[in-house]
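Engineer: To be precise about what I am sending: the file is called protein_24.pdb and holds PDB, C-alpha atoms and all ligand atoms.
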```pdb
ATOM      1  CA  MET A   1      25.172 -36.827   6.226  1.00  0.00           C
ATOM      2  CA  ASP A   2      27.996 -38.594   4.500  1.00  0.00           C
ATOM      3  CA  GLU A   3      29.283 -42.010   5.597  1.00  0.00           C
ATOM      4  CA  GLU A   4      31.897 -40.561   7.982  1.00  0.00           C
ATOM      5  CA  GLY A   5      29.260 -38.234   9.412  1.00  0.00           C
ATOM      6  CA  TRP A   6      27.240 -41.184  10.764  1.00  0.00           C
ATOM      7  CA  PHE A   7      29.953 -42.333  13.150  1.00  0.00           C
ATOM      8  CA  SER A   8      31.541 -38.908  13.749  1.00  0.00           C
ATOM      9  CA  VAL A   9      28.537 -36.851  14.797  1.00  0.00           C
ATOM     10  CA  THR A  10      28.123 -36.169  18.513  1.00  0.00           C
ATOM     11  CA  PRO A  11      24.966 -37.959  19.779  1.00  0.00           C
ATOM     12  CA  GLU A  12      22.155 -35.389  19.926  1.00  0.00           C
ATOM     13  CA  GLU A  13      21.551 -35.717  23.696  1.00  0.00           C
ATOM     14  CA  ILE A  14      25.216 -34.949  24.334  1.00  0.00           C
ATOM     15  CA  ALA A  15      25.293 -32.020  21.887  1.00  0.00           C
ATOM     16  CA  ILE A  16      22.249 -30.563  23.705  1.00  0.00           C
ATOM     17  CA  ARG A  17      24.084 -30.983  27.017  1.00  0.00           C
ATOM     18  CA  HIS A  18      27.177 -29.175  25.666  1.00  0.00           C
ATOM     19  CA  ALA A  19      24.994 -26.291  24.470  1.00  0.00           C
ATOM     20  CA  GLU A  20      23.127 -26.071  27.802  1.00  0.00           C
ATOM     21  CA  ARG A  21      26.417 -25.993  29.703  1.00  0.00           C
ATOM     22  CA  SER A  22      27.949 -23.268  27.564  1.00  0.00           C
ATOM     23  CA  GLY A  23      25.698 -20.452  28.763  1.00  0.00           C
ATOM     24  CA  GLY A  24      25.570 -18.102  25.746  1.00  0.00           C
ATOM     25  CA  GLY A  25      27.830 -15.786  23.807  1.00  0.00           C
ATOM     26  CA  CYS A  26      29.790 -16.638  20.697  1.00  0.00           C
ATOM     27  CA  VAL A  27      30.909 -20.248  20.352  1.00  0.00           C
ATOM     28  CA  ILE A  28      33.667 -21.284  17.964  1.00  0.00           C
ATOM     29  CA  ASP A  29      33.017 -24.878  16.869  1.00  0.00           C
ATOM     30  CA  CYS A  30      36.517 -25.687  15.691  1.00  0.00           C
ATOM     31  CA  PHE A  31      35.884 -29.063  13.937  1.00  0.00           C
ATOM     32  CA  SER A  32      32.215 -28.752  13.079  1.00  0.00           C
ATOM     33  CA  GLY A  33      31.821 -31.773  10.751  1.00  0.00           C
ATOM     34  CA  VAL A  34      28.199 -32.152   9.609  1.00  0.00           C
ATOM     35  CA  GLY A  35      27.036 -29.748  12.328  1.00  0.00           C
ATOM     36  CA  GLY A  36      25.666 -31.912  15.175  1.00  0.00           C
ATOM     37  CA  ASN A  37      27.101 -29.627  17.870  1.00  0.00           C
ATOM     38  CA  THR A  38      26.940 -26.410  15.823  1.00  0.00           C
ATOM     39  CA  ILE A  39      23.161 -26.728  15.455  1.00  0.00           C
ATOM     40  CA  GLN A  40      22.550 -27.290  19.176  1.00  0.00           C
ATOM     41  CA  PHE A  41      24.719 -24.284  20.090  1.00  0.00           C
ATOM     42  CA  ALA A  42      22.775 -22.159  17.581  1.00  0.00           C
ATOM     43  CA  LYS A  43      19.400 -23.391  18.942  1.00  0.00           C
ATOM     44  CA  MET A  44      20.312 -22.040  22.386  1.00  0.00           C
ATOM     45  CA  CYS A  45      20.543 -18.546  20.813  1.00  0.00           C
ATOM     46  CA  HIS A  46      24.296 -18.467  20.688  1.00  0.00           C
ATOM     47  CA  HIS A  47      26.134 -17.124  17.740  1.00  0.00           C
ATOM     48  CA  VAL A  48      28.319 -19.858  16.291  1.00  0.00           C
ATOM     49  CA  VAL A  49      31.394 -19.799  14.092  1.00  0.00           C
ATOM     50  CA  ALA A  50      31.600 -23.268  12.539  1.00  0.00           C
ATOM     51  CA  ILE A  51      34.938 -24.328  11.043  1.00  0.00           C
ATOM     52  CA  ASP A  52      35.766 -27.399   9.011  1.00  0.00           C
ATOM     53  CA  ILE A  53      38.597 -28.076   6.605  1.00  0.00           C
ATOM     54  CA  ASP A  54      36.411 -30.174   4.277  1.00  0.00           C
ATOM     55  CA  PRO A  55      34.151 -28.086   1.966  1.00  0.00           C
ATOM     56  CA  HIS A  56      31.737 -31.021   1.579  1.00  0.00           C
ATOM     57  CA  LYS A  57      31.278 -31.244   5.381  1.00  0.00           C
ATOM     58  CA  VAL A  58      30.564 -27.508   5.513  1.00  0.00           C
ATOM     59  CA  GLU A  59      27.977 -27.866   2.742  1.00  0.00           C
ATOM     60  CA  LEU A  60      26.276 -30.699   4.681  1.00  0.00           C
ATOM     61  CA  ALA A  61      26.409 -28.702   7.938  1.00  0.00           C
ATOM     62  CA  PHE A  62      24.868 -25.668   6.213  1.00  0.00           C
ATOM     63  CA  ASN A  63      22.084 -27.824   4.793  1.00  0.00           C
ATOM     64  CA  ASN A  64      21.453 -29.434   8.220  1.00  0.00           C
ATOM     65  CA  ALA A  65      21.383 -26.004   9.888  1.00  0.00           C
ATOM     66  CA  LYS A  66      18.756 -24.846   7.360  1.00  0.00           C
ATOM     67  CA  ILE A  67      16.623 -27.919   8.158  1.00  0.00           C
ATOM     68  CA  TYR A  68      16.806 -27.047  11.881  1.00  0.00           C
ATOM     69  CA  GLY A  69      16.051 -23.369  11.051  1.00  0.00           C
ATOM     70  CA  VAL A  70      19.237 -22.004  12.664  1.00  0.00           C
ATOM     71  CA  ALA A  71      21.482 -21.204   9.676  1.00  0.00           C
ATOM     72  CA  ASP A  72      21.159 -17.444  10.310  1.00  0.00           C
ATOM     73  CA  TYR A  73      22.940 -17.810  13.672  1.00  0.00           C
ATOM     74  CA  ILE A  74      26.006 -19.485  12.186  1.00  0.00           C
ATOM     75  CA  ASP A  75      29.019 -18.259  10.226  1.00  0.00           C
ATOM     76  CA  PHE A  76      30.495 -21.163   8.276  1.00  0.00           C
ATOM     77  CA  ILE A  77      34.207 -21.132   7.514  1.00  0.00           C
ATOM     78  CA  ILE A  78      36.059 -23.610   5.311  1.00  0.00           C
ATOM     79  CA  GLY A  79      39.589 -23.721   6.685  1.00  0.00           C
ATOM     80  CA  ASP A  80      42.263 -25.299   8.848  1.00  0.00           C
ATOM     81  CA  PHE A  81      41.594 -24.555  12.521  1.00  0.00           C
ATOM     82  CA  PHE A  82      45.325 -24.398  13.295  1.00  0.00           C
ATOM     83  CA  GLN A  83      45.850 -21.677  10.696  1.00  0.00           C
ATOM     84  CA  LEU A  84      42.743 -19.728  11.712  1.00  0.00           C
ATOM     85  CA  ALA A  85      43.013 -19.931  15.519  1.00  0.00           C
ATOM     86  CA  SER A  86      45.196 -16.858  16.116  1.00  0.00           C
ATOM     87  CA  SER A  87      42.788 -14.608  14.178  1.00  0.00           C
ATOM     88  CA  LEU A  88      39.588 -15.843  15.875  1.00  0.00           C
ATOM     89  CA  LYS A  89      37.652 -14.167  18.693  1.00  0.00           C
ATOM     90  CA  GLY A  90      34.946 -15.880  20.733  1.00  0.00           C
ATOM     91  CA  ASP A  91      33.611 -16.549  24.241  1.00  0.00           C
ATOM     92  CA  ILE A  92      33.950 -20.345  24.065  1.00  0.00           C
ATOM     93  CA  ALA A  93      36.097 -22.664  21.946  1.00  0.00           C
ATOM     94  CA  PHE A  94      34.427 -26.034  21.422  1.00  0.00           C
ATOM     95  CA  LEU A  95      36.752 -28.854  20.359  1.00  0.00           C
ATOM     96  CA  ALA A  96      35.497 -32.195  19.091  1.00  0.00           C
ATOM     97  CA  PRO A  97      38.631 -33.099  17.131  1.00  0.00           C
ATOM     98  CA  PRO A  98      39.001 -36.209  14.954  1.00  0.00           C
ATOM     99  CA  TRP A  99      39.400 -39.273  17.170  1.00  0.00           C
ATOM    100  CA  GLY A 100      40.877 -41.261  14.284  1.00  0.00           C
ATOM    101  CA  GLY A 101      37.672 -43.092  13.279  1.00  0.00           C
ATOM    102  CA  PRO A 102      35.913 -46.014  15.069  1.00  0.00           C
ATOM    103  CA  ALA A 103      39.246 -47.803  15.759  1.00  0.00           C
ATOM    104  CA  TYR A 104      39.773 -45.588  18.835  1.00  0.00           C
ATOM    105  CA  LYS A 105      37.560 -48.013  20.788  1.00  0.00           C
ATOM    106  CA  THR A 106      40.167 -50.785  20.587  1.00  0.00           C
ATOM    107  CA  ILE A 107      42.812 -48.763  22.458  1.00  0.00           C
ATOM    108  CA  PRO A 108      42.864 -49.419  26.263  1.00  0.00           C
ATOM    109  CA  ASN A 109      44.079 -45.949  27.275  1.00  0.00           C
ATOM    110  CA  PHE A 110      43.571 -43.338  24.519  1.00  0.00           C
ATOM    111  CA  SER A 111      46.493 -40.900  24.547  1.00  0.00           C
ATOM    112  CA  LEU A 112      46.011 -37.257  23.568  1.00  0.00           C
ATOM    113  CA  ASP A 113      48.912 -37.831  21.153  1.00  0.00           C
ATOM    114  CA  LEU A 114      46.539 -39.907  19.015  1.00  0.00           C
ATOM    115  CA  LEU A 115      44.226 -36.997  18.215  1.00  0.00           C
ATOM    116  CA  LYS A 116      44.387 -35.807  14.606  1.00  0.00           C
ATOM    117  CA  PRO A 117      45.575 -33.736  12.769  1.00  0.00           C
ATOM    118  CA  LYS A 118      47.783 -32.661  15.736  1.00  0.00           C
ATOM    119  CA  ASP A 119      48.113 -33.963  19.300  1.00  0.00           C
ATOM    120  CA  GLY A 120      45.806 -32.758  22.082  1.00  0.00           C
ATOM    121  CA  TYR A 121      48.411 -30.442  23.637  1.00  0.00           C
ATOM    122  CA  SER A 122      48.963 -28.512  20.366  1.00  0.00           C
ATOM    123  CA  LEU A 123      45.214 -28.395  19.889  1.00  0.00           C
ATOM    124  CA  PHE A 124      44.647 -27.001  23.370  1.00  0.00           C
ATOM    125  CA  GLN A 125      47.396 -24.383  22.931  1.00  0.00           C
ATOM    126  CA  ALA A 126      45.786 -23.230  19.663  1.00  0.00           C
ATOM    127  CA  ALA A 127      42.375 -22.944  21.362  1.00  0.00           C
ATOM    128  CA  GLN A 128      43.881 -20.937  24.232  1.00  0.00           C
ATOM    129  CA  ALA A 129      44.821 -18.241  21.702  1.00  0.00           C
ATOM    130  CA  ILE A 130      41.040 -17.666  21.375  1.00  0.00           C
ATOM    131  CA  THR A 131      39.821 -18.014  24.964  1.00  0.00           C
ATOM    132  CA  PRO A 132      40.494 -19.943  28.211  1.00  0.00           C
ATOM    133  CA  ASN A 133      36.841 -21.083  28.107  1.00  0.00           C
ATOM    134  CA  ILE A 134      37.345 -24.368  26.309  1.00  0.00           C
ATOM    135  CA  ILE A 135      35.051 -27.377  26.036  1.00  0.00           C
ATOM    136  CA  MET A 136      36.614 -30.585  24.718  1.00  0.00           C
ATOM    137  CA  PHE A 137      34.688 -33.714  23.707  1.00  0.00           C
ATOM    138  CA  LEU A 138      36.958 -36.748  23.900  1.00  0.00           C
ATOM    139  CA  PRO A 139      36.863 -40.557  23.588  1.00  0.00           C
ATOM    140  CA  ARG A 140      35.488 -42.424  26.646  1.00  0.00           C
ATOM    141  CA  ASN A 141      38.823 -44.247  27.012  1.00  0.00           C
ATOM    142  CA  VAL A 142      40.929 -41.065  27.014  1.00  0.00           C
ATOM    143  CA  ASP A 143      43.829 -40.854  29.500  1.00  0.00           C
ATOM    144  CA  LEU A 144      42.239 -38.586  32.148  1.00  0.00           C
ATOM    145  CA  ARG A 145      45.600 -37.774  33.702  1.00  0.00           C
ATOM    146  CA  GLN A 146      46.655 -36.193  30.405  1.00  0.00           C
ATOM    147  CA  VAL A 147      43.378 -34.271  30.157  1.00  0.00           C
ATOM    148  CA  GLU A 148      43.982 -32.821  33.632  1.00  0.00           C
ATOM    149  CA  GLU A 149      47.500 -31.846  32.584  1.00  0.00           C
ATOM    150  CA  LEU A 150      46.049 -29.573  29.889  1.00  0.00           C
ATOM    151  CA  SER A 151      44.864 -27.174  32.581  1.00  0.00           C
ATOM    152  CA  TRP A 152      48.533 -26.756  33.637  1.00  0.00           C
ATOM    153  CA  LEU A 153      49.459 -25.360  30.217  1.00  0.00           C
ATOM    154  CA  SER A 154      48.070 -22.085  31.536  1.00  0.00           C
ATOM    155  CA  SER A 155      49.420 -20.000  34.406  1.00  0.00           C
ATOM    156  CA  PRO A 156      47.678 -19.941  36.845  1.00  0.00           C
ATOM    157  CA  PRO A 157      46.184 -23.341  35.947  1.00  0.00           C
ATOM    158  CA  LEU A 158      42.684 -23.262  34.504  1.00  0.00           C
ATOM    159  CA  ASN A 159      39.699 -24.651  36.371  1.00  0.00           C
ATOM    160  CA  ILE A 160      38.749 -28.033  34.969  1.00  0.00           C
ATOM    161  CA  GLU A 161      35.673 -30.239  35.287  1.00  0.00           C
ATOM    162  CA  ILE A 162      35.353 -33.658  33.703  1.00  0.00           C
ATOM    163  CA  GLU A 163      31.990 -35.167  32.796  1.00  0.00           C
ATOM    164  CA  GLU A 164      31.095 -38.655  31.566  1.00  0.00           C
ATOM    165  CA  ASN A 165      28.456 -38.629  28.827  1.00  0.00           C
ATOM    166  CA  TYR A 166      26.018 -41.559  28.761  1.00  0.00           C
ATOM    167  CA  VAL A 167      23.320 -42.301  26.190  1.00  0.00           C
ATOM    168  CA  GLN A 168      20.910 -45.100  27.220  1.00  0.00           C
ATOM    169  CA  ASN A 169      23.357 -46.329  29.875  1.00  0.00           C
ATOM    170  CA  HIS A 170      26.266 -46.490  27.409  1.00  0.00           C
ATOM    171  CA  LEU A 171      29.296 -44.319  28.027  1.00  0.00           C
ATOM    172  CA  LYS A 172      29.745 -42.428  24.735  1.00  0.00           C
ATOM    173  CA  GLY A 173      32.443 -39.911  25.560  1.00  0.00           C
ATOM    174  CA  ILE A 174      34.106 -37.622  28.065  1.00  0.00           C
ATOM    175  CA  THR A 175      33.653 -33.855  28.131  1.00  0.00           C
ATOM    176  CA  ALA A 176      36.291 -31.633  29.729  1.00  0.00           C
ATOM    177  CA  TYR A 177      35.188 -28.113  30.656  1.00  0.00           C
ATOM    178  CA  PHE A 178      37.991 -25.593  31.193  1.00  0.00           C
ATOM    179  CA  GLY A 179      38.196 -22.020  32.501  1.00  0.00           C
ATOM    180  CA  GLY A 180      34.837 -20.313  32.927  1.00  0.00           C
ATOM    181  CA  THR A 181      32.921 -23.280  31.506  1.00  0.00           C
ATOM    182  CA  ALA A 182      33.914 -25.509  34.474  1.00  0.00           C
ATOM    183  CA  PHE A 183      31.409 -25.927  37.351  1.00  0.00           C
ATOM    184  CA  GLY A 184      28.204 -24.494  35.891  1.00  0.00           C
ATOM    185  CA  LYS A 185      27.272 -22.134  33.132  1.00  0.00           C
ATOM    186  CA  LEU A 186      29.569 -19.406  31.940  1.00  0.00           C
ATOM    187  CA  ASP A 187      28.060 -16.077  32.974  1.00  0.00           C
ATOM    188  CA  LEU A 188      28.306 -13.810  29.920  1.00  0.00           C
TER     189      LEU A 188
HETATM  190  P1  LIG A 201      36.242 -38.616  14.111  1.00  0.00           P
HETATM  191  O1  LIG A 201      37.579 -39.290  14.030  1.00  0.00           O
HETATM  192  O2  LIG A 201      35.868 -38.188  15.490  1.00  0.00           O
HETATM  193  O3  LIG A 201      35.185 -39.385  13.422  1.00  0.00           O
HETATM  194  P2  LIG A 201      36.463 -36.822  11.882  1.00  0.00           P
HETATM  195  O4  LIG A 201      37.612 -37.530  11.211  1.00  0.00           O
HETATM  196  O5  LIG A 201      35.125 -36.949  11.279  1.00  0.00           O
HETATM  197  O6  LIG A 201      36.394 -37.203  13.413  1.00  0.00           O
HETATM  198  O7  LIG A 201      36.861 -35.285  12.004  1.00  0.00           O
HETATM  199  C1  LIG A 201      35.966 -34.332  12.507  1.00  0.00           C
HETATM  200  C2  LIG A 201      35.929 -33.181  11.540  1.00  0.00           C
HETATM  201  O8  LIG A 201      37.122 -32.410  11.671  1.00  0.00           O
HETATM  202  C3  LIG A 201      35.822 -33.617  10.080  1.00  0.00           C
HETATM  203  O9  LIG A 201      34.669 -33.041   9.518  1.00  0.00           O
HETATM  204  C4  LIG A 201      37.098 -33.089   9.439  1.00  0.00           C
HETATM  205  O10 LIG A 201      36.886 -32.603   8.113  1.00  0.00           O
HETATM  206  C5  LIG A 201      37.455 -31.941  10.380  1.00  0.00           C
HETATM  207  N1  LIG A 201      38.870 -31.551  10.373  1.00  0.00           N
HETATM  208  C6  LIG A 201      39.958 -32.343  10.313  1.00  0.00           C
HETATM  209  N2  LIG A 201      41.093 -31.610  10.374  1.00  0.00           N
HETATM  210  C7  LIG A 201      40.717 -30.308  10.490  1.00  0.00           C
HETATM  211  C8  LIG A 201      41.411 -29.058  10.632  1.00  0.00           C
HETATM  212  N3  LIG A 201      42.746 -28.996  10.662  1.00  0.00           N
HETATM  213  N4  LIG A 201      40.680 -27.920  10.750  1.00  0.00           N
HETATM  214  C9  LIG A 201      39.335 -27.960  10.728  1.00  0.00           C
HETATM  215  N5  LIG A 201      38.618 -29.098  10.595  1.00  0.00           N
HETATM  216  C10 LIG A 201      39.286 -30.260  10.480  1.00  0.00           C
END
```
When written as structure tokens, how does the structure in this file appear?
Ligand code: ADP
Structural biologist:
Amino acid sequence: MDEEGWFSVTPEEIAIRHAERSGGGCVIDCFSGVGGNTIQFAKMCHHVVAIDIDPHKVELAFNNAKIYGVADYIDFIIGDFFQLASSLKGDIAFLAPPWGGPAYKTIPNFSLDLLKPKDGYSLFQAAQAITPNIIMFLPRNVDLRQVEELSWLSSPPLNIEIEENYVQNHLKGITAYFGGTAFGKLDL
């Protein structure tokens, strides 16, 4: 872990939940960071393509995956998701994009425009080039109306399911499941 990794990593219980909900196949973890989600996807016998723009993060994720004994199930790519998206193939795109650091908590209604390095709509469009089966992990204070609007970027609109993620009675984030990942496991 590096310092940023401590506040950025998805809590383990939630990463396990995401992996359980995904159902199998090849998962593209588009902003893998130090590998909290990547490792849980790989433990559920998925194949994972883990992307991060920061070579140091990828090195840490690789080391963490070795510790958990799942490195063989993961292809690590150092690169910009937005540049890579059109050339990627996978069954599920998992998006836990940068929320802009711990300051997101101070915003009453977190707009998708605040996501980095591009807004949530551009991010979702890029992921749709891979698959309509998209899982997005977002701040607990995200504007849910905007999240629902993402499903309308597709015609016909994608199925969408929104889940609140609690750890020890604290709301830690919101997960939006789109396409085949909504309402139960994706049947691959
Ligand atoms: P948070 O704000 O949620 O703490 P981070 O700033 O840690 O999120 O970002 C999550 C990860 O996304 C980081 O490891 C960062 O290197 C990575 N990242 C940022 N931009 C890109 C990009 N364009 N493509 C791939 N990975 C990226």
Engineer: Please, what distance in Å, to one decimal, runs between CA of Ile134 (chain A) and CA of Gly179 (chain A)?
Structural biologist: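 That distance, rounded to one decimal, is 6.7 Å.
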Engineer: Could you list, as JSON, numbers by chain, every residue matched by the PyMOL selection byres (((not hetatm)) within 10 of (chain A and resi 201)) in this structure?
Structural biologist: {"A": [2, 3, 4, 5, 6, 7, 8, 9, 10, 29, 30, 31, 32, 33, 34, 35, 50, 51, 52, 53, 54, 55, 56, 57, 58, 60, 61, 77, 78, 79, 80, 81, 82, 83, 84, 85, 95, 96, 97, 98, 99, 100, 101, 102, 103, 104, 115, 116, 117, 118, 123, 137, 138, 139]}
Engineer: Generate the output file for the selected residues, C-alpha atoms, as a PDB file, keeping the file's coordinate frame.
Structural biologist:
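part37.pdb, freshly written:
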```pdb
ATOM      1  CA  ASP A   2      27.996 -38.594   4.500  1.00  0.00           C
ATOM      2  CA  GLU A   3      29.283 -42.010   5.597  1.00  0.00           C
ATOM      3  CA  GLU A   4      31.897 -40.561   7.982  1.00  0.00           C
ATOM      4  CA  GLY A   5      29.260 -38.234   9.412  1.00  0.00           C
ATOM      5  CA  TRP A   6      27.240 -41.184  10.764  1.00  0.00           C
ATOM      6  CA  PHE A   7      29.953 -42.333  13.150  1.00  0.00           C
ATOM      7  CA  SER A   8      31.541 -38.908  13.749  1.00  0.00           C
ATOM      8  CA  VAL A   9      28.537 -36.851  14.797  1.00  0.00           C
ATOM      9  CA  THR A  10      28.123 -36.169  18.513  1.00  0.00           C
ATOM     10  CA  ASP A  29      33.017 -24.878  16.869  1.00  0.00           C
ATOM     11  CA  CYS A  30      36.517 -25.687  15.691  1.00  0.00           C
ATOM     12  CA  PHE A  31      35.884 -29.063  13.937  1.00  0.00           C
ATOM     13  CA  SER A  32      32.215 -28.752  13.079  1.00  0.00           C
ATOM     14  CA  GLY A  33      31.821 -31.773  10.751  1.00  0.00           C
ATOM     15  CA  VAL A  34      28.199 -32.152   9.609  1.00  0.00           C
ATOM     16  CA  GLY A  35      27.036 -29.748  12.328  1.00  0.00           C
ATOM     17  CA  ALA A  50      31.600 -23.268  12.539  1.00  0.00           C
ATOM     18  CA  ILE A  51      34.938 -24.328  11.043  1.00  0.00           C
ATOM     19  CA  ASP A  52      35.766 -27.399   9.011  1.00  0.00           C
ATOM     20  CA  ILE A  53      38.597 -28.076   6.605  1.00  0.00           C
ATOM     21  CA  ASP A  54      36.411 -30.174   4.277  1.00  0.00           C
ATOM     22  CA  PRO A  55      34.151 -28.086   1.966  1.00  0.00           C
ATOM     23  CA  HIS A  56      31.737 -31.021   1.579  1.00  0.00           C
ATOM     24  CA  LYS A  57      31.278 -31.244   5.381  1.00  0.00           C
ATOM     25  CA  VAL A  58      30.564 -27.508   5.513  1.00  0.00           C
ATOM     26  CA  LEU A  60      26.276 -30.699   4.681  1.00  0.00           C
ATOM     27  CA  ALA A  61      26.409 -28.702   7.938  1.00  0.00           C
ATOM     28  CA  ILE A  77      34.207 -21.132   7.514  1.00  0.00           C
ATOM     29  CA  ILE A  78      36.059 -23.610   5.311  1.00  0.00           C
ATOM     30  CA  GLY A  79      39.589 -23.721   6.685  1.00  0.00           C
ATOM     31  CA  ASP A  80      42.263 -25.299   8.848  1.00  0.00           C
ATOM     32  CA  PHE A  81      41.594 -24.555  12.521  1.00  0.00           C
ATOM     33  CA  PHE A  82      45.325 -24.398  13.295  1.00  0.00           C
ATOM     34  CA  GLN A  83      45.850 -21.677  10.696  1.00  0.00           C
ATOM     35  CA  LEU A  84      42.743 -19.728  11.712  1.00  0.00           C
ATOM     36  CA  ALA A  85      43.013 -19.931  15.519  1.00  0.00           C
ATOM     37  CA  LEU A  95      36.752 -28.854  20.359  1.00  0.00           C
ATOM     38  CA  ALA A  96      35.497 -32.195  19.091  1.00  0.00           C
ATOM     39  CA  PRO A  97      38.631 -33.099  17.131  1.00  0.00           C
ATOM     40  CA  PRO A  98      39.001 -36.209  14.954  1.00  0.00           C
ATOM     41  CA  TRP A  99      39.400 -39.273  17.170  1.00  0.00           C
ATOM     42  CA  GLY A 100      40.877 -41.261  14.284  1.00  0.00           C
ATOM     43  CA  GLY A 101      37.672 -43.092  13.279  1.00  0.00           C
ATOM     44  CA  PRO A 102      35.913 -46.014  15.069  1.00  0.00           C
ATOM     45  CA  ALA A 103      39.246 -47.803  15.759  1.00  0.00           C
ATOM     46  CA  TYR A 104      39.773 -45.588  18.835  1.00  0.00           C
ATOM     47  CA  LEU A 115      44.226 -36.997  18.215  1.00  0.00           C
ATOM     48  CA  LYS A 116      44.387 -35.807  14.606  1.00  0.00           C
ATOM     49  CA  PRO A 117      45.575 -33.736  12.769  1.00  0.00           C
ATOM     50  CA  LYS A 118      47.783 -32.661  15.736  1.00  0.00           C
ATOM     51  CA  LEU A 123      45.214 -28.395  19.889  1.00  0.00           C
ATOM     52  CA  PHE A 137      34.688 -33.714  23.707  1.00  0.00           C
ATOM     53  CA  LEU A 138      36.958 -36.748  23.900  1.00  0.00           C
ATOM     54  CA  PRO A 139      36.863 -40.557  23.588  1.00  0.00           C
TER      55      PRO A 139
END
```
Engineer: With distances taken over all atoms listed in the file, which of A:Val27, A:Asn37, A:Ser155, A:His47 is nearest to Ile14 (chain A)?
Structural biologist: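 Nearest candidate to Ile14 (chain A) out of A:Val27, A:Asn37, A:Ser155, A:His47: A:Asn37.
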Engineer: Do you know which residues the PyMOL selection byres (((chain A and resi 159) around 6) and not hetatm) returns on this file, as a list in words?
Structural biologist: Leu158, Ile160, Phe178 and Gly179 of chain A
Engineer: Using C-alpha atoms, can you export the residues from the last selection as a CSV table (one decimal), in the frame of the given file?
Structural biologist:
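selection.csv written:
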```csv
chain,number,residue,atom,x,y,z
A,158,LEU,CA,42.7,-23.3,34.5
A,160,ILE,CA,38.7,-28.0,35.0
A,178,PHE,CA,38.0,-25.6,31.2
A,179,GLY,CA,38.2,-22.0,32.5
```
Engineer: Counting all atoms listed in the file, select every polymer residue within 12 Å of (32.2, -27.0, 27.9) as defined in the file's coordinates, and provide the selection as a ChimeraX atom specification.
Structural biologist: /A:14-24,27-29,37,41,91-96,132-138,159-163,174-186
Engineer: Between CA of Ala127 (chain A) and CA of Leu88 (chain A), what distance in Å does the model show, to one decimal?
Structural biologist: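 That distance, rounded to one decimal, is 9.4 Å.
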Engineer: What residues come out when you apply the PyMOL selection byres (((chain A and resi 39) around 8) and not hetatm) to this file, written as a PyMOL selection string?
Structural biologist: chain A and resi 35-38+40-43+64-65+68+70
Engineer: Take the selection from the previous step and output its residues with C-alpha atoms, as a PDB file, keeping the file's coordinate frame.
Structural biologist:
```
ATOM      1  CA  GLY A  35      27.036 -29.748  12.328  1.00  0.00           C
ATOM      2  CA  GLY A  36      25.666 -31.912  15.175  1.00  0.00           C
ATOM      3  CA  ASN A  37      27.101 -29.627  17.870  1.00  0.00           C
ATOM      4  CA  THR A  38      26.940 -26.410  15.823  1.00  0.00           C
ATOM      5  CA  GLN A  40      22.550 -27.290  19.176  1.00  0.00           C
ATOM      6  CA  PHE A  41      24.719 -24.284  20.090  1.00  0.00           C
ATOM      7  CA  ALA A  42      22.775 -22.159  17.581  1.00  0.00           C
ATOM      8  CA  LYS A  43      19.400 -23.391  18.942  1.00  0.00           C
ATOM      9  CA  ASN A  64      21.453 -29.434   8.220  1.00  0.00           C
ATOM     10  CA  ALA A  65      21.383 -26.004   9.888  1.00  0.00           C
ATOM     11  CA  TYR A  68      16.806 -27.047  11.881  1.00  0.00           C
ATOM     12  CA  VAL A  70      19.237 -22.004  12.664  1.00  0.00           C
TER      13      VAL A  70
END
```
Engineer: Within 7 Å of Asn109 (chain A), counting all atoms listed in the file, which residues show up once you throw out same-chain ones fewer than 2 positions away? Write them as a list in words, please.
Structural biologist: Ile107, Ser111, Asn141, Val142 and Asp143 of chain A
Engineer: Mind giving me the straight-line distance from CA of Gly173 (chain A) to CA of Pro108 (chain A) in Å, one decimal?
Structural biologist: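 So the answer is 14.1 Å.
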Engineer: Which is closest to Tyr73 (chain A) among A:Asp113, A:Cys26, A:Lys105, A:Thr131, if we use only C-alpha atoms?
Structural biologist: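 Between A:Asp113, A:Cys26, A:Lys105, A:Thr131, the residue approaching Tyr73 (chain A) most closely is A:Cys26.
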Engineer: Hey, can I get the axis-aligned box for region 128-143 of chain A? All listed atoms, 4 Å padding on each side, centre and edge lengths in Å to one decimal, as lines of an AutoDock Vina configuration file.
Structural biologist:
```
center_x = 39.8
center_y = -31.0
center_z = 25.4
size_x = 18.1
size_y = 34.6
size_z = 16.1
```
Engineer: Of the candidates A:Leu153, A:Ala126, A:Leu171, A:Leu112, which one gets nearest to Arg140 (chain A) if we count only C-alpha atoms?
Structural biologist: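 Closest to Arg140 (chain A), using only C-alpha atoms: A:Leu171.
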Engineer: Could you tell me which of A:Glu59, A:Glu13, A:Asp75, A:Asp119 comes closest to Leu150 (chain A) if we count only C-alpha atoms?
Structural biologist: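 Counting only C-alpha atoms, the residue closest to Leu150 (chain A) is A:Asp119.
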